[in-house]
$ cat structure_15.txt   # compact mmCIF, C-alpha atoms and all ligand atoms
# COMPACT_ATOMS: atom_id res chain seq x y z
CA MET V 254 15.49 54.06 23.35
CA ASP V 255 15.66 57.60 22.08
CA LYS V 256 13.84 60.49 23.70
CA ASN V 257 11.49 61.32 20.83
CA ILE V 258 9.84 57.94 20.80
CA LYS V 259 6.06 58.27 21.15
CA PRO V 260 3.85 56.69 23.84
CA ALA V 261 2.36 54.04 21.52
CA THR V 262 5.87 52.78 20.74
CA ILE V 263 7.09 52.90 24.36
CA ALA V 264 4.01 50.93 25.43
CA ALA V 265 4.04 48.33 22.62
CA HIS V 266 7.70 47.57 23.34
CA ALA V 267 7.21 47.62 27.14
CA ALA V 268 10.03 50.21 27.18
CA GLY V 269 12.44 47.59 25.87
CA ALA V 270 11.78 44.81 28.40
CA LEU V 271 13.11 41.55 26.93
CA ASP V 272 14.53 38.38 28.46
CA ALA V 273 18.28 38.35 27.90
CA GLN V 274 18.65 34.89 29.44
CA SER V 275 16.28 32.99 27.11
CA GLY V 276 16.16 35.44 24.24
CA GLY V 277 12.42 35.81 24.80
CA VAL V 278 10.78 38.93 23.32
CA VAL V 279 8.79 39.31 26.51
CA PRO V 280 10.29 39.55 30.00
CA ALA V 281 10.46 36.46 32.21
CA LEU V 282 8.48 36.30 35.44
CA GLN V 283 10.89 36.10 38.39
CA PRO V 284 9.14 35.37 41.71
CA SER V 285 12.30 34.83 43.81
CA THR V 286 12.29 36.79 47.07
CA THR V 287 16.06 36.59 47.49
CA TYR V 288 19.13 36.68 45.26
CA LEU V 289 22.42 34.75 45.16
CA ARG V 290 25.93 35.74 46.17
CA ASP V 291 28.99 34.08 44.59
CA GLU V 292 31.99 32.33 46.24
CA SER V 293 33.60 35.66 47.18
CA TYR V 294 30.28 36.73 48.68
CA ASP V 295 29.64 39.30 45.97
CA LEU V 296 26.08 39.66 44.73
CA VAL V 297 25.56 37.95 41.37
CA ARG V 298 23.58 41.08 40.39
CA PRO V 299 24.63 44.05 42.55
CA ASP V 300 21.18 45.67 42.23
CA ASN V 301 19.33 42.53 43.42
CA ILE V 302 19.45 41.64 47.13
CA TYR V 303 15.92 41.04 48.44
CA SER V 304 12.58 41.46 46.69
CA ARG V 305 11.07 44.00 49.11
CA ALA V 306 13.37 46.45 47.36
CA ASP V 307 14.53 44.64 44.24
CA SER V 308 12.43 43.10 41.48
CA ASP V 309 13.12 43.17 37.75
CA ASN V 310 9.40 42.71 37.03
CA VAL V 311 8.48 45.74 39.12
CA ARG V 312 11.29 47.79 37.56
CA GLN V 313 10.12 46.86 34.04
CA ALA V 314 6.56 48.07 34.70
CA GLU V 315 7.87 51.21 36.44
CA GLU V 316 10.08 52.03 33.47
CA VAL V 317 7.11 51.95 31.07
CA LEU V 318 5.16 54.30 33.32
CA ARG V 319 8.16 56.57 33.97
CA ARG V 320 8.64 57.07 30.26
CA LEU V 321 4.95 57.62 29.56
CA GLU V 322 4.80 60.30 32.30
CA GLY V 323 8.12 61.94 31.37
CA ALA V 324 9.12 61.44 35.04
CA GLU V 325 12.53 61.25 36.72
CA GLU V 326 11.46 58.26 38.82
CA THR V 327 8.36 56.06 39.20
CA PHE V 328 7.31 53.71 41.98
CA LEU V 329 4.59 51.09 41.91
CA PHE V 330 2.50 50.22 44.97
CA PRO V 331 0.15 47.30 45.67
CA SER V 332 -2.91 49.57 45.28
CA GLY V 333 -3.86 53.14 44.46
CA MET V 334 -4.67 53.73 48.12
CA ALA V 335 -1.22 52.48 49.17
CA ALA V 336 0.30 55.07 46.81
CA ILE V 337 -1.86 57.85 48.31
CA ALA V 338 -0.99 56.71 51.83
CA ALA V 339 2.73 56.83 50.99
CA VAL V 340 2.31 60.48 49.96
CA PHE V 341 0.41 61.51 53.10
CA ARG V 342 2.80 59.67 55.42
CA THR V 343 5.48 62.22 54.43
CA LEU V 344 3.51 65.03 56.12
CA PRO V 345 5.01 66.30 59.37
CA HIS V 346 2.88 66.27 62.52
CA GLY V 347 0.95 69.54 62.76
CA SER V 348 1.34 70.55 59.09
CA THR V 349 -1.43 71.61 56.70
CA ALA V 350 -2.81 69.76 53.67
CA ILE V 351 -5.26 71.09 51.09
CA VAL V 352 -7.37 68.37 49.48
CA GLN V 353 -9.95 68.81 46.74
CA SER V 354 -13.46 67.87 47.91
CA GLY V 355 -15.87 65.66 45.96
CA ILE V 356 -13.13 63.30 44.77
CA TYR V 357 -12.84 59.49 44.97
CA TRP V 358 -14.63 58.68 48.21
CA GLY V 359 -12.02 56.17 49.45
CA THR V 360 -9.36 58.88 49.29
CA THR V 361 -11.45 61.40 51.21
CA ALA V 362 -12.43 58.91 53.90
CA TRP V 363 -8.87 57.69 54.52
CA ILE V 364 -7.29 61.16 54.45
CA ARG V 365 -9.80 62.52 57.01
CA ASP V 366 -9.03 59.74 59.42
CA PHE V 367 -5.26 59.91 58.88
CA CYS V 368 -5.02 63.70 59.26
CA GLU V 369 -7.01 63.59 62.49
CA ARG V 370 -4.69 60.97 63.98
CA ARG V 371 -1.58 62.93 62.92
CA ALA V 372 -2.88 66.37 64.03
CA ILE V 373 -2.60 67.54 60.41
CA THR V 374 -4.85 70.46 59.51
CA LEU V 375 -6.97 69.26 56.60
CA ILE V 376 -8.60 71.86 54.38
CA GLU V 377 -11.12 70.35 51.97
CA VAL V 378 -12.10 72.69 49.17
CA GLY V 379 -14.12 72.38 45.97
CA ALA V 380 -12.43 72.41 42.55
CA ASP V 381 -13.62 75.97 41.87
CA ASP V 382 -12.09 77.44 45.05
CA LEU V 383 -8.78 75.57 45.00
CA ARG V 384 -6.64 78.36 43.63
CA ALA V 385 -7.78 80.99 46.11
CA THR V 386 -7.30 78.57 49.02
CA CYS V 387 -3.82 77.64 47.78
CA GLN V 388 -2.85 81.32 47.53
CA ALA V 389 -4.14 82.07 51.03
CA THR V 390 -2.67 79.03 52.83
CA ASP V 391 0.82 77.98 53.83
CA ALA V 392 0.34 74.28 53.14
CA ALA V 393 2.84 71.43 52.88
CA LEU V 394 0.77 69.40 50.40
CA VAL V 395 -1.96 70.04 47.85
CA PHE V 396 -3.84 66.99 46.55
CA ILE V 397 -6.16 67.26 43.54
CA GLU V 398 -7.97 64.80 41.27
CA THR V 399 -8.68 65.57 37.63
CA PRO V 400 -11.03 64.62 36.06
CA SER V 401 -12.68 63.84 39.40
CA ASN V 402 -14.64 60.72 40.20
CA PRO V 403 -17.70 60.73 39.94
CA TRP V 404 -18.42 64.45 39.23
CA LEU V 405 -15.92 64.71 36.35
CA LYS V 406 -14.75 68.13 37.57
CA THR V 407 -11.58 69.29 35.88
CA VAL V 408 -8.89 71.22 37.70
CA ASP V 409 -6.33 73.41 35.95
CA ILE V 410 -3.05 71.78 37.04
CA ARG V 411 -0.83 74.64 35.85
CA ALA V 412 -2.91 77.30 37.62
CA THR V 413 -2.90 75.27 40.85
CA ALA V 414 0.87 74.75 40.67
CA ASP V 415 1.37 78.49 40.16
CA ALA V 416 -0.80 79.27 43.20
CA THR V 417 1.18 77.24 45.76
CA GLU V 418 4.67 76.49 47.04
CA ALA V 419 3.42 73.19 48.45
CA THR V 420 4.10 69.79 46.93
CA LEU V 421 1.36 69.39 44.32
CA VAL V 422 0.10 65.83 43.88
CA VAL V 423 -2.39 65.02 41.12
CA ASP V 424 -4.55 61.88 41.03
CA ALA V 425 -5.01 61.52 37.27
CA THR V 426 -6.53 58.02 37.32
CA ALA V 427 -9.42 58.98 35.01
CA ALA V 428 -7.04 60.59 32.48
CA THR V 429 -4.19 58.02 32.45
CA PRO V 430 -0.71 59.22 31.35
CA ILE V 431 -1.87 58.88 27.75
CA LEU V 432 -4.34 61.80 27.94
CA THR V 433 -2.57 64.05 30.48
CA ARG V 434 1.10 64.21 31.42
CA CYS V 435 0.57 66.02 34.72
CA LEU V 436 4.26 66.69 35.39
CA ASP V 437 4.43 68.76 32.18
CA PHE V 438 1.74 71.02 33.70
CA GLY V 439 3.68 71.66 36.91
CA ALA V 440 2.60 68.80 39.20
CA ASP V 441 5.38 67.60 41.51
CA ILE V 442 4.02 64.06 41.79
CA VAL V 443 1.39 62.31 39.67
CA MET V 444 -0.58 59.41 41.12
CA HIS V 445 -2.78 56.79 39.43
CA SER V 446 -4.76 53.83 40.55
CA ALA V 447 -3.20 51.48 38.00
CA THR V 448 -6.07 49.12 38.86
CA LYS V 449 -8.17 51.22 36.48
CA GLY V 450 -7.28 52.29 32.92
CA ILE V 451 -3.53 51.63 33.13
CA ASN V 452 -4.04 47.90 33.67
CA GLY V 453 -7.43 48.02 31.99
CA HIS V 454 -8.37 44.34 32.32
CA SER V 455 -9.91 44.38 35.83
CA ASP V 456 -7.44 41.75 37.05
CA VAL V 457 -4.62 43.64 38.82
CA LEU V 458 -4.76 45.91 41.88
CA ALA V 459 -1.93 48.47 41.75
CA GLY V 460 -1.03 52.11 42.31
CA VAL V 461 1.72 54.34 40.98
CA LEU V 462 3.56 57.55 41.87
CA SER V 463 5.87 59.41 39.47
CA THR V 464 7.98 62.44 40.30
CA ARG V 465 9.25 65.48 38.44
CA SER V 466 12.34 65.57 40.67
CA LYS V 467 13.88 62.49 42.26
CA ASP V 468 15.95 64.67 44.60
CA ALA V 469 12.91 66.31 46.20
CA LYS V 470 12.75 65.78 49.97
CA THR V 471 9.21 64.41 49.83
CA TRP V 472 10.26 61.89 47.17
CA ASP V 473 13.24 60.76 49.30
CA MET V 474 10.81 60.00 52.10
CA ILE V 475 8.47 58.11 49.76
CA ARG V 476 11.37 56.05 48.41
CA ALA V 477 12.57 55.11 51.90
CA ASP V 478 9.05 54.47 53.17
CA ARG V 479 8.15 52.14 50.33
CA LYS V 480 11.25 50.03 50.82
CA MET V 481 11.24 49.98 54.61
CA ALA V 482 7.47 49.84 55.25
CA GLY V 483 7.11 47.38 52.38
CA ALA V 484 4.16 48.57 50.29
CA ILE V 485 5.50 46.55 47.34
CA LEU V 486 3.73 45.25 44.24
CA GLY V 487 4.22 41.49 43.67
CA PRO V 488 6.20 40.34 40.60
CA PHE V 489 3.24 38.56 38.98
CA GLU V 490 1.06 41.68 39.23
CA ALA V 491 3.92 43.76 37.81
CA TRP V 492 4.37 41.26 34.95
CA LEU V 493 0.63 41.35 34.15
CA LEU V 494 0.71 45.15 34.27
CA THR V 495 3.64 45.33 31.83
CA ARG V 496 1.75 43.03 29.48
CA ALA V 497 -1.47 45.04 29.77
CA MET V 498 0.23 48.40 29.20
CA ARG V 499 1.40 47.33 25.73
CA THR V 500 -2.13 48.20 24.52
CA LEU V 501 -2.75 51.16 26.85
CA PRO V 502 -2.65 53.87 24.14
CA LEU V 503 -4.95 51.79 21.87
CA ARG V 504 -7.41 51.09 24.67
CA VAL V 505 -7.51 54.68 25.88
CA GLU V 506 -8.08 55.94 22.36
CA ARG V 507 -11.02 53.59 21.72
CA MET V 508 -12.54 54.07 25.16
CA SER V 509 -12.36 57.85 24.84
CA GLN V 510 -13.99 57.72 21.39
CA ASN V 511 -16.75 55.44 22.67
CA ALA V 512 -17.31 57.59 25.78
CA GLN V 513 -17.52 60.79 23.71
CA VAL V 514 -20.14 59.32 21.35
CA LEU V 515 -22.15 57.79 24.22
CA ALA V 516 -22.03 61.05 26.24
CA GLU V 517 -23.29 63.06 23.27
CA HIS V 518 -26.02 60.51 22.57
CA LEU V 519 -27.24 60.39 26.17
CA LEU V 520 -27.16 64.18 26.54
CA GLY V 521 -29.68 64.37 23.69
CA HIS V 522 -31.92 61.58 25.08
CA ALA V 523 -35.40 62.50 26.30
CA MET V 524 -35.07 60.35 29.45
CA VAL V 525 -31.78 61.97 30.54
CA ASP V 526 -31.49 65.18 32.59
CA ASN V 527 -27.76 65.76 32.26
CA VAL V 528 -24.44 64.14 31.45
CA PHE V 529 -21.13 65.01 33.14
CA TYR V 530 -18.24 64.40 30.73
CA PRO V 531 -15.21 66.67 30.21
CA GLY V 532 -15.47 66.23 26.43
CA LEU V 533 -18.91 67.87 26.21
CA PRO V 534 -18.83 71.61 25.38
CA SER V 535 -21.72 72.00 27.87
CA HIS V 536 -19.47 70.70 30.69
CA PRO V 537 -18.14 73.50 32.96
CA GLY V 538 -14.63 72.00 32.83
CA PHE V 539 -14.52 71.64 29.04
CA ALA V 540 -12.08 74.54 28.41
CA THR V 541 -9.63 73.28 31.06
CA ALA V 542 -9.96 69.71 29.84
CA LYS V 543 -9.25 70.84 26.29
CA ARG V 544 -6.06 72.58 27.43
CA GLN V 545 -4.62 69.71 29.45
CA MET V 546 -6.07 66.54 27.89
CA ALA V 547 -4.78 65.41 24.50
CA GLY V 548 -6.31 62.70 22.34
CA GLY V 549 -9.62 62.34 24.17
CA TYR V 550 -11.41 62.87 27.48
CA GLY V 551 -11.32 59.44 29.04
CA SER V 552 -13.72 56.57 29.66
CA LEU V 553 -15.58 57.91 32.69
CA LEU V 554 -18.89 59.77 32.64
CA SER V 555 -21.87 60.28 34.91
CA VAL V 556 -25.46 60.31 33.70
CA LEU V 557 -28.39 61.93 35.54
CA VAL V 558 -31.50 60.09 34.41
CA LYS V 559 -34.96 61.68 34.65
CA GLY V 560 -36.64 60.82 37.95
CA GLY V 561 -35.23 59.57 41.24
CA LYS V 562 -33.49 56.63 42.82
CA GLU V 563 -36.04 54.02 41.66
CA ASP V 564 -35.78 55.23 38.06
CA ALA V 565 -31.97 55.14 38.10
CA LEU V 566 -31.93 51.65 39.61
CA ARG V 567 -34.49 50.45 37.04
CA VAL V 568 -32.28 51.68 34.17
CA VAL V 569 -29.18 50.12 35.73
CA GLY V 570 -31.08 46.84 36.18
CA LYS V 571 -32.18 46.74 32.54
CA LEU V 572 -28.71 47.26 31.04
CA LYS V 573 -27.39 44.04 29.51
CA LEU V 574 -23.91 44.90 28.23
CA PHE V 575 -22.89 47.34 30.96
CA LEU V 576 -22.00 45.13 33.92
CA ARG V 577 -23.22 46.32 37.32
CA ALA V 578 -19.97 46.66 39.28
CA THR V 579 -17.73 49.28 40.85
CA SER V 580 -14.36 50.37 39.36
CA LEU V 581 -13.55 51.86 35.96
CA GLY V 582 -11.12 51.87 33.06
CA GLY V 583 -11.49 48.21 32.05
CA VAL V 584 -12.09 46.96 28.52
CA GLU V 585 -15.62 45.92 29.55
CA SER V 586 -18.19 48.66 30.22
CA LEU V 587 -19.46 49.05 33.80
CA VAL V 588 -22.20 51.04 35.54
CA GLU V 589 -22.57 51.96 39.17
CA HIS V 590 -25.33 53.61 41.18
CA ARG V 591 -23.04 55.70 43.39
CA HIS V 592 -25.79 56.81 45.77
CA THR V 593 -26.28 53.20 46.91
CA ILE V 594 -22.53 53.01 47.73
CA GLU V 595 -22.10 56.44 49.36
CA PRO V 596 -25.55 57.82 50.30
CA HIS V 597 -24.05 60.32 52.79
CA THR V 598 -21.84 62.32 50.40
CA GLY V 599 -24.38 64.32 48.43
CA ILE V 600 -24.32 62.15 45.29
CA PRO V 601 -27.60 62.70 43.38
CA GLU V 602 -29.96 59.72 43.67
CA ASN V 603 -30.49 59.68 39.90
CA LEU V 604 -26.76 59.59 39.04
CA ILE V 605 -25.38 56.57 37.19
CA ARG V 606 -21.62 56.45 36.82
CA VAL V 607 -20.50 54.85 33.60
CA SER V 608 -17.12 53.40 32.64
CA VAL V 609 -17.05 52.90 28.89
CA GLY V 610 -15.08 49.98 27.48
CA ILE V 611 -13.82 49.04 24.04
CA GLU V 612 -16.98 47.26 22.80
CA ASP V 613 -18.76 48.20 19.57
CA ILE V 614 -20.27 51.65 20.13
CA GLY V 615 -23.47 50.74 18.26
CA ASP V 616 -24.06 47.89 20.71
CA LEU V 617 -23.42 50.17 23.69
CA ILE V 618 -25.84 52.83 22.47
CA ALA V 619 -28.52 50.24 21.70
CA ASP V 620 -28.15 48.86 25.23
CA TRP V 621 -28.75 52.30 26.81
CA ASP V 622 -31.66 53.02 24.45
CA GLN V 623 -33.47 49.81 25.45
CA ALA V 624 -32.73 50.41 29.16
CA LEU V 625 -33.99 54.01 29.06
CA GLY V 626 -36.85 52.94 26.74
C1 LIG V 701 -9.86 53.51 42.39
C2 LIG V 701 -9.31 54.85 42.66
C3 LIG V 701 -8.39 55.07 43.71
C4 LIG V 701 -7.94 53.96 44.63
O1 LIG V 701 -7.20 53.00 43.95
P1 LIG V 701 -7.15 51.42 44.37
O2 LIG V 701 -6.27 50.85 43.34
O3 LIG V 701 -8.57 50.92 44.34
O4 LIG V 701 -6.58 51.38 45.75
C5 LIG V 701 -7.91 56.35 43.88
N1 LIG V 701 -8.31 57.38 43.08
C6 LIG V 701 -9.19 57.20 42.09
C7 LIG V 701 -9.59 58.37 41.25
C8 LIG V 701 -9.73 55.93 41.84
O5 LIG V 701 -10.63 55.77 40.84

$ encode --input "structure_15.txt" --output "structure tokens" --more "lines below"
Ligand SMILES: *Cc1c(COP(=O)(O)O)cnc(C)c1O
Amino acid sequence: MDKNIKPATIAAHAAGALDAQSGGVVPALQPSTTYLRDESYDLVRPDNIYSRADSDNVRQAEEVLRRLEGAEETFLFPSGMAAIAAVFRTLPHGSTAIVQSGIYWGTTAWIRDFCERRAITLIEVGADDLRATCQATDAALVFIETPSNPWLKTVDIRATADATEATLVVDATAATPILTRCLDFGADIVMHSATKGINGHSDVLAGVLSTRSKDAKTWDMIRADRKMAGAILGPFEAWLLTRAMRTLPLRVERMSQNAQVLAEHLLGHAMVDNVFYPGLPSHPGFATAKRQMAGGYGSLLSVLVKGGKEDALRVVGKLKLFLRATSLGGVESLVEHRHTIEPHTGIPENLIRVSVGIEDIGDLIADWDQALG
């Protein structure tokens, strides 16, 4: 496929994945763990030996993501956390990592524990102080998340890259490669929980890393670690992911439109104190988001309802279309009362995190109006 082909075309065609053997216009699912050799003991397919390293289904999904990111190489992992762990396992004993604070709680919790065990100096710093800390610190790794979950803080990727010599890794789960191509803004590695918007149907757990340079030392270590330590996505999950990504640009476009309209509506509602959404001009990260997000601001927003915990839980309980469940980026809208999940991390008791799906926006607004009513 030629280089100027646009994301919607790459995705719809699954980056050219077909089934040469049957002539099928979609790829076959190949679950075999091992691959044949012929009479002279040559591999029937030289690139297929054993499925911990070799799977056409995984390669097909990786190729779609690699092209969407504009990356040199892309690796899938069996979860977003496995992808993050693969990055942090490259850190030498005694080195320093700078990690944005107030990000996805699972990331923070795991990194704290890991860095302590490895004697890695962990500097956690808020989105607003990242640049100064990067300039003042000789770190091996800088890890940021934009837009962040659940505060929706936006970090200027280019400014952060310019402020550090360290490997810059960006968790862009809430943006997806459709809204932000992080490598174009100077990130060395971009990470996503593909469980969220990339798969978008709440039925696959997966993570992904893509690199700007496949010769980078850190990337070499990640490549070897994935193969040898075996954090591999299964072929069926990869096949489902390839299928789901055909509609990724469509889904992201509709979800972003819906989220923008809902955010604006809720911001003007008498029973709402505030709305965090990067697409609102009142949001502190709006200017940055506008610079580095194209085609929308994503499906994730947080709503501060008037009152306290009881009021937030009452609203959440009255919603009929927004399912009460964790996670985000699926075609069905979800709400979560984050304070119930992580009461110790300073999340406001009246905050409701919202993942907006592809439903009819009039229905979604009516649901919130009756719940806030
Ligand atoms: C969900 C999520 C993760 C973790 O991904 P899993 O696929 O659940 O392991 C990491 N970062 C962000 C921003 C997430 O939303």

$ residues_around --input "structure_15.txt" --residues "Ala497 (chain V)" --least-positions-apart "4" --cutoff "12 Å" --atoms "only C-alpha atoms" --output "PyMOL selection string"
chain V and resi 264-267+314+317-318+447-457+490-493+501-504+583-584

$ residues_around --input "structure_15.txt" --residues "Lys571 (chain V)" --least-positions-apart "5" --cutoff "12 Å" --atoms "all atoms listed in the file" --output "list in words"
Asp564, Ala565, Leu566, Leu576, Arg577, Val588, Ala619, Asp620, Trp621, Asp622, Gln623, Ala624, Leu625 and Gly626 of chain V

$ residues_near_ligand --input "structure_15.txt" --ligand "ligand LIG 701 (chain V)" --cutoff "6 Å" --atoms "all atoms listed in the file" --output "list in words"
Ser332, Gly333, Met334, Tyr357, Asn402, Thr426, Ser446, Thr448, Leu458, Ala459 and Gly460 of chain V

$ atom_distance --input "structure_15.txt" --atom1 "CA of Arg434 (chain V)" --atom2 "CA of Met546 (chain V)"
8.3 Å

$ axis_aligned_box --input "structure_15.txt" --around "region 295-299 of chain V" --padding-each-side "5 Å" --output "JSON"
{"center_x": 26.6, "center_y": 41.0, "center_z": 43.2, "size_x": 16.1, "size_y": 16.1, "size_z": 15.6}

$ closest_residue --input "structure_15.txt" --among "V:Ala372, V:Gly359, V:Glu563, V:Ile614" --to "Glu585 (chain V)" --atoms "all atoms listed in the file"
V:Ile614

$ closest_residue --input "structure_15.txt" --among "V:Ala427, V:Ile442, V:Ala482, V:Ala523" --to "Leu553 (chain V)" --atoms "only C-alpha atoms"
V:Ala427

$ atom_distance --input "structure_15.txt" --atom1 "CA of Thr429 (chain V)" --atom2 "CA of Ala578 (chain V)"
20.6 Å

$ atom_distance --input "structure_15.txt" --atom1 "CA of Ile397 (chain V)" --atom2 "CA of Arg476 (chain V)"
21.4 Å

$ residues_around --input "structure_15.txt" --residues "Leu329 (chain V)" --least-positions-apart "4" --cutoff "7 Å" --atoms "all atoms listed in the file" --output "MDAnalysis selection string"
chainID V and resid 315 460:462 486

$ residues_near_point --input "structure_15.txt" --point "(9.3, 61.4, 49.3)" --cutoff "10 Å" --atoms "all atoms listed in the file" --output "list of chain:residue names"
V:Ala339, V:Val340, V:Phe341, V:Arg342, V:Thr343, V:Leu344, V:Ile442, V:Thr464, V:Lys467, V:Asp468, V:Ala469, V:Lys470, V:Thr471, V:Trp472, V:Asp473, V:Met474, V:Ile475, V:Arg476, V:Ala477, V:Asp478, V:Arg479

$ closest_residue --input "structure_15.txt" --among "V:Ile258, V:Val556, V:Ala393, V:Val514" --to "Leu421 (chain V)" --atoms "only C-alpha atoms"
V:Ala393

$ residues_around --input "structure_15.txt" --residues "Arg365 (chain V)" --least-positions-apart "5" --cutoff "10 Å" --atoms "all atoms listed in the file" --output "PyMOL selection string"
chain V and resi 352+360+370+373-377

$ closest_residue --input "structure_15.txt" --among "V:Gly483, V:Ala428, V:Pro403, V:Ala440" --to "Ala416 (chain V)" --atoms "only C-alpha atoms"
V:Ala440

$ closest_residue --input "structure_15.txt" --among "V:Asp613, V:Glu602, V:Glu325, V:Glu506" --to "Ile431 (chain V)" --atoms "all atoms listed in the file"
V:Glu506

$ build_atoms --input "structure_15.txt" --residues "region 438-451 of chain V" --atoms "N, CA, C and O atoms" --output "PDB file, keeping the file's coordinate frame"
ATOM      1  N   PHE V 438       2.572  69.869  33.320  1.00  0.00           N
ATOM      2  CA  PHE V 438       1.740  71.020  33.700  1.00  0.00           C
ATOM      3  C   PHE V 438       2.091  71.550  35.092  1.00  0.00           C
ATOM      4  O   PHE V 438       1.342  72.321  35.666  1.00  0.00           O
ATOM      5  N   GLY V 439       3.218  71.081  35.652  1.00  0.00           N
ATOM      6  CA  GLY V 439       3.680  71.660  36.910  1.00  0.00           C
ATOM      7  C   GLY V 439       3.394  70.840  38.153  1.00  0.00           C
ATOM      8  O   GLY V 439       3.722  71.273  39.261  1.00  0.00           O
ATOM      9  N   ALA V 440       2.780  69.666  38.019  1.00  0.00           N
ATOM     10  CA  ALA V 440       2.600  68.800  39.200  1.00  0.00           C
ATOM     11  C   ALA V 440       3.967  68.309  39.661  1.00  0.00           C
ATOM     12  O   ALA V 440       4.867  68.103  38.850  1.00  0.00           O
ATOM     13  N   ASP V 441       4.138  68.166  40.983  1.00  0.00           N
ATOM     14  CA  ASP V 441       5.380  67.600  41.510  1.00  0.00           C
ATOM     15  C   ASP V 441       5.356  66.083  41.450  1.00  0.00           C
ATOM     16  O   ASP V 441       6.359  65.449  41.164  1.00  0.00           O
ATOM     17  N   ILE V 442       4.184  65.521  41.796  1.00  0.00           N
ATOM     18  CA  ILE V 442       4.020  64.060  41.790  1.00  0.00           C
ATOM     19  C   ILE V 442       2.680  63.752  41.128  1.00  0.00           C
ATOM     20  O   ILE V 442       1.677  64.419  41.401  1.00  0.00           O
ATOM     21  N   VAL V 443       2.663  62.759  40.237  1.00  0.00           N
ATOM     22  CA  VAL V 443       1.390  62.310  39.670  1.00  0.00           C
ATOM     23  C   VAL V 443       1.115  60.902  40.188  1.00  0.00           C
ATOM     24  O   VAL V 443       2.010  60.071  40.312  1.00  0.00           O
ATOM     25  N   MET V 444      -0.156  60.692  40.552  1.00  0.00           N
ATOM     26  CA  MET V 444      -0.580  59.410  41.120  1.00  0.00           C
ATOM     27  C   MET V 444      -1.669  58.818  40.225  1.00  0.00           C
ATOM     28  O   MET V 444      -2.474  59.548  39.638  1.00  0.00           O
ATOM     29  N   HIS V 445      -1.674  57.486  40.106  1.00  0.00           N
ATOM     30  CA  HIS V 445      -2.780  56.790  39.430  1.00  0.00           C
ATOM     31  C   HIS V 445      -3.133  55.544  40.221  1.00  0.00           C
ATOM     32  O   HIS V 445      -2.237  54.872  40.743  1.00  0.00           O
ATOM     33  N   SER V 446      -4.402  55.204  40.233  1.00  0.00           N
ATOM     34  CA  SER V 446      -4.760  53.830  40.550  1.00  0.00           C
ATOM     35  C   SER V 446      -4.562  53.060  39.256  1.00  0.00           C
ATOM     36  O   SER V 446      -5.350  53.185  38.319  1.00  0.00           O
ATOM     37  N   ALA V 447      -3.484  52.258  39.209  1.00  0.00           N
ATOM     38  CA  ALA V 447      -3.200  51.480  38.000  1.00  0.00           C
ATOM     39  C   ALA V 447      -4.188  50.326  37.843  1.00  0.00           C
ATOM     40  O   ALA V 447      -4.235  49.667  36.806  1.00  0.00           O
ATOM     41  N   THR V 448      -4.980  50.096  38.898  1.00  0.00           N
ATOM     42  CA  THR V 448      -6.070  49.120  38.860  1.00  0.00           C
ATOM     43  C   THR V 448      -7.058  49.453  37.740  1.00  0.00           C
ATOM     44  O   THR V 448      -7.729  48.573  37.207  1.00  0.00           O
ATOM     45  N   LYS V 449      -7.142  50.733  37.397  1.00  0.00           N
ATOM     46  CA  LYS V 449      -8.170  51.220  36.480  1.00  0.00           C
ATOM     47  C   LYS V 449      -7.631  51.181  35.040  1.00  0.00           C
ATOM     48  O   LYS V 449      -7.197  50.129  34.601  1.00  0.00           O
ATOM     49  N   GLY V 450      -7.616  52.303  34.344  1.00  0.00           N
ATOM     50  CA  GLY V 450      -7.280  52.290  32.920  1.00  0.00           C
ATOM     51  C   GLY V 450      -5.889  51.766  32.598  1.00  0.00           C
ATOM     52  O   GLY V 450      -5.686  51.143  31.556  1.00  0.00           O
ATOM     53  N   ILE V 451      -4.907  52.017  33.456  1.00  0.00           N
ATOM     54  CA  ILE V 451      -3.530  51.630  33.130  1.00  0.00           C
ATOM     55  C   ILE V 451      -3.427  50.118  32.954  1.00  0.00           C
ATOM     56  O   ILE V 451      -2.860  49.641  31.977  1.00  0.00           O
TER      57      ILE V 451
END
